2 protein chains.
Amino acid sequence: MGTTQLETAPEPKYWHLKTVLSEALDQDFAVGEVLPNERELAARFGVARATLRQALEQLELEGRLQRRRGVGTTVAPPRVGVAVGSAQHSWPGESVDGWEPVDAAETLPTAAVLKLLGTGGAFAADQPVHTVRRTRVTHGQAVAAELLYVPAASVPGLPAIEAPAGPARARAVLRELQRLVLDGQDRSVELGSARADDAKELDRLPGAPVLVVTTRYFTTAGTAAVSVATYRADTCRLTFGDSGNVEITHEPRVAS
Amino acid sequence: MGTTQLETAPEPKYWHLKTVLSEALDQDFAVGEVLPNERELAARFGVARATLRQALEQLELEGRLQRRRGVGTTVAPPRVGVAVGSAQHSWPGESVDGWEPVDAAETLPTAAVLKLLGTGGAFAADQPVHTVRRTRVTHGQAVAAELLYVPAASVPGLPAIEAPAGPARARAVLRELQRLVLDGQDRSVELGSARADDAKELDRLPGAPVLVVTTRYFTTAGTAAVSVATYRADTCRLTFGDSGNVEITHEPRVAS
DNA sequence: GAGTGGTCTAGACCACATC
DNA sequence: ATGTGGTCTAGACCACTCA
């Protein structure tokens with residue numbers, strides 16, 4: 001009977017820590033400011049470093065912090081809104097909203113790509129696809145890496161190998177694609193983790209959380225191309241529709 | 001000279017583990033099957049449990065695994081595609097795609113909500129907003145929890161307090177909203193972590209990764225309502241556009 | 001009560017950036 | 001060379017589910 005214990009909420013330490021840190025970030029830190037290092041923070045809060053890291057990880061996931069090995073932990077700026085899908089459908093590369101062609105190659109499609117193109121369609125596993133790599137830069141930072149798959153059958157006018165590997169070759173494929181009449185498109189967004197190559201392009205470690213945007217481009221003849229774009233989940237807010245420049249603060253969402 | 005060390009790739013153990021497990025899942029396990037427990041898996045691979053958990057965590061983030069305390073780790077089914085935003089704009093609740101009204105209340109808006117509604121607009125901080133809670137169920141499982149903010153000024157026809165708290169009250173607010181002429185809407189998607197209340201509704205632990213879909217509804221008079229919906233990131237693939245039922249496999253995306 | 005995943009600790013070493 | 005975050009270990013205990 002002695003200890004009444006009135007609901008001492010068995011809230012995990014790292015969760016409570018996250019809340020405390022979150023409030024401290026709002027009040028005592030400016031964007032870009034560096035936090036004390038992990039060992040000191042852990043000591044200051046009286047927890048093990050692993051526990052402190054669990055809290056930091058969450059805050060980084062929410063886009064509040066940015067951690068860089070060998071440098072330190074800094075307060076992240078608000079997420080940038082990147083437009084993904086305006087009202088008008090258009091081929092990749094038609095509007096110049098930050099996409100940079102990197103390279104292109106010709107390969108055989110994997111099962112996953114085949115499925116996206118439509119397994120039962122006109123494209124067979126032994127038909128080559130052009131694979132175009134692009135990156136997207138906004139406000140001076142790389143926010144997305146894309147792989148665009150264009151079945152060779154979609155762009156019959158494209159010579160087998162003409163431009164030297166590099167941006168020029170990527171541009172050639174895009175140019176050819178834009179000759180076609182776009183009939184519609186299809187988009188989905190899901191959470192993923194960055195593959196090694198994407199991570200490098202995005203200046204993150206492999207496994208970093210990314211938003212994977214998969215787009216299918218249709219002509220009357222069927223699926224003409226498929227794009228798989230991976231956006232940095234920590235720094236990006238994907239916007240749809242026409243007025244995409246909303247300011248959203250980091251303040252806690254309201255409870256009912 | 002002795003040890004040539006030909007590129008022994010300092011790949012982290014957990015990353016390699018993840019790859020190995022991923023392949024094992026493709027080949028040796030069926031959806032719904034339970035894996036050996038963490039202690040045994042760790043022993044089998046000769047790593048500490050924490051390292052094994054780091055790999056499992058990634059796989060869960062990618063929607064390949066499902067872990068439940070007290071139960072075990074099971075192979076997750078492919079992500080379900082949930083339609084979020086058809087071509088036609090419409091008020092929440094107009095089409096019955098799985099949303100269930102839960103409750104409604106009247107509160108004062110937080111700074112964050114005010115900003116979404118438009119700080120410079122007709123809505124002031126001392127004007128109450130109706131807060132409607134809804135949940136979305138697809139294929140028998142809860143996939144999303146939503147908070148809809150409707151400034152009282154948007155629905156002047158709504159009596160102050162009429163229906164008893166509960167679904168009926170939520171429905172009353174939605175019904176009133178649908179009287180207005182929708183002029184446009186605005187959507188953004190970002191990564192977040194589930195708050196305690198959302199987590200409970202989604203049958204996940206607090207902090208679980210979620211996709212936060214923020215929608216603003218416009219009338220000619222300005223922003224009439226704002227919706228913040230949190231989708232389970234592990235089980236959901238958000239689809240936009242009209243043909244949203246694409247099958248996407250878990251196979252590794254192709255490299256260039 | 002037995003078995004599961006979730007949390008936490010106190011250390012160690014490594015990879016990287018910077019001076 | 002120093003200091004940072006990233007990885008890893010070998011334990012411990014807790015919260016939960018289910019028979």
# chains A, B, ... in the order shown; residues from 1 in each chain; ligands from 1
$ residues_around --residues "Glu146 (chain A)" --least-positions-apart "6" --cutoff "12 Å" --atoms "only C-alpha atoms (C1' of nucleotides)" --output "PyMOL selection string"
(chain A and resi 92-93+99-104+131-137+170+194-195+197-199+201-202+210-215+226-232) or (chain B and resi 253-256)
$ interface_residues --of "chain B" --to "chain D" --cutoff "7 Å" --atoms "only C-alpha atoms (C1' of nucleotides)" --output "PyMOL selection string"
chain B and resi 48+51+69-71
$ select_by_dssp --residues "region 148-195 of chain B" --states "strand (DSSP E or B)" --output "PyMOL selection string"
chain B and resi 148-151+184-193
$ write_last_selection --atoms "C-alpha atoms" --output "short mmCIF file (atom, residue, chain, number, x, y, z; two decimals), in the first residue's frame"
data_model
loop_
_atom_site.label_atom_id
_atom_site.label_comp_id
_atom_site.auth_asym_id
_atom_site.auth_seq_id
_atom_site.Cartn_x
_atom_site.Cartn_y
_atom_site.Cartn_z
CA LEU B 148 -9.22 16.02 -39.78
CA TYR B 149 -9.26 19.66 -38.75
CA VAL B 150 -12.31 21.68 -39.72
CA PRO B 151 -12.45 25.28 -38.50
CA GLY B 184 -9.21 22.22 -55.08
CA GLN B 185 -6.85 20.26 -52.89
CA ASP B 186 -3.24 19.85 -52.08
CA ARG B 187 -1.32 16.88 -50.85
CA SER B 188 2.06 16.02 -49.42
CA VAL B 189 3.70 12.81 -48.20
CA GLU B 190 6.54 12.49 -45.75
CA LEU B 191 8.07 10.02 -43.35
CA GLY B 192 7.19 10.26 -39.69
CA SER B 193 6.95 8.16 -36.58
#
$ interface_residues --of "chain C" --to "chain B" --cutoff "10 Å" --atoms "only C-alpha atoms (C1' of nucleotides)" --output "PyMOL selection string"
chain C and resi 3-6+14-15
$ select_by_dssp --residues "region 114-155 of chain B" --states "alpha helix (DSSP H)" --output "list in words"
Leu114, Lys115, Leu116 and Leu117 of chain B
$ atom_distance --atom1 "CA of Val82 (chain B)" --atom2 "CA of Cys236 (chain B)"
6.7 Å
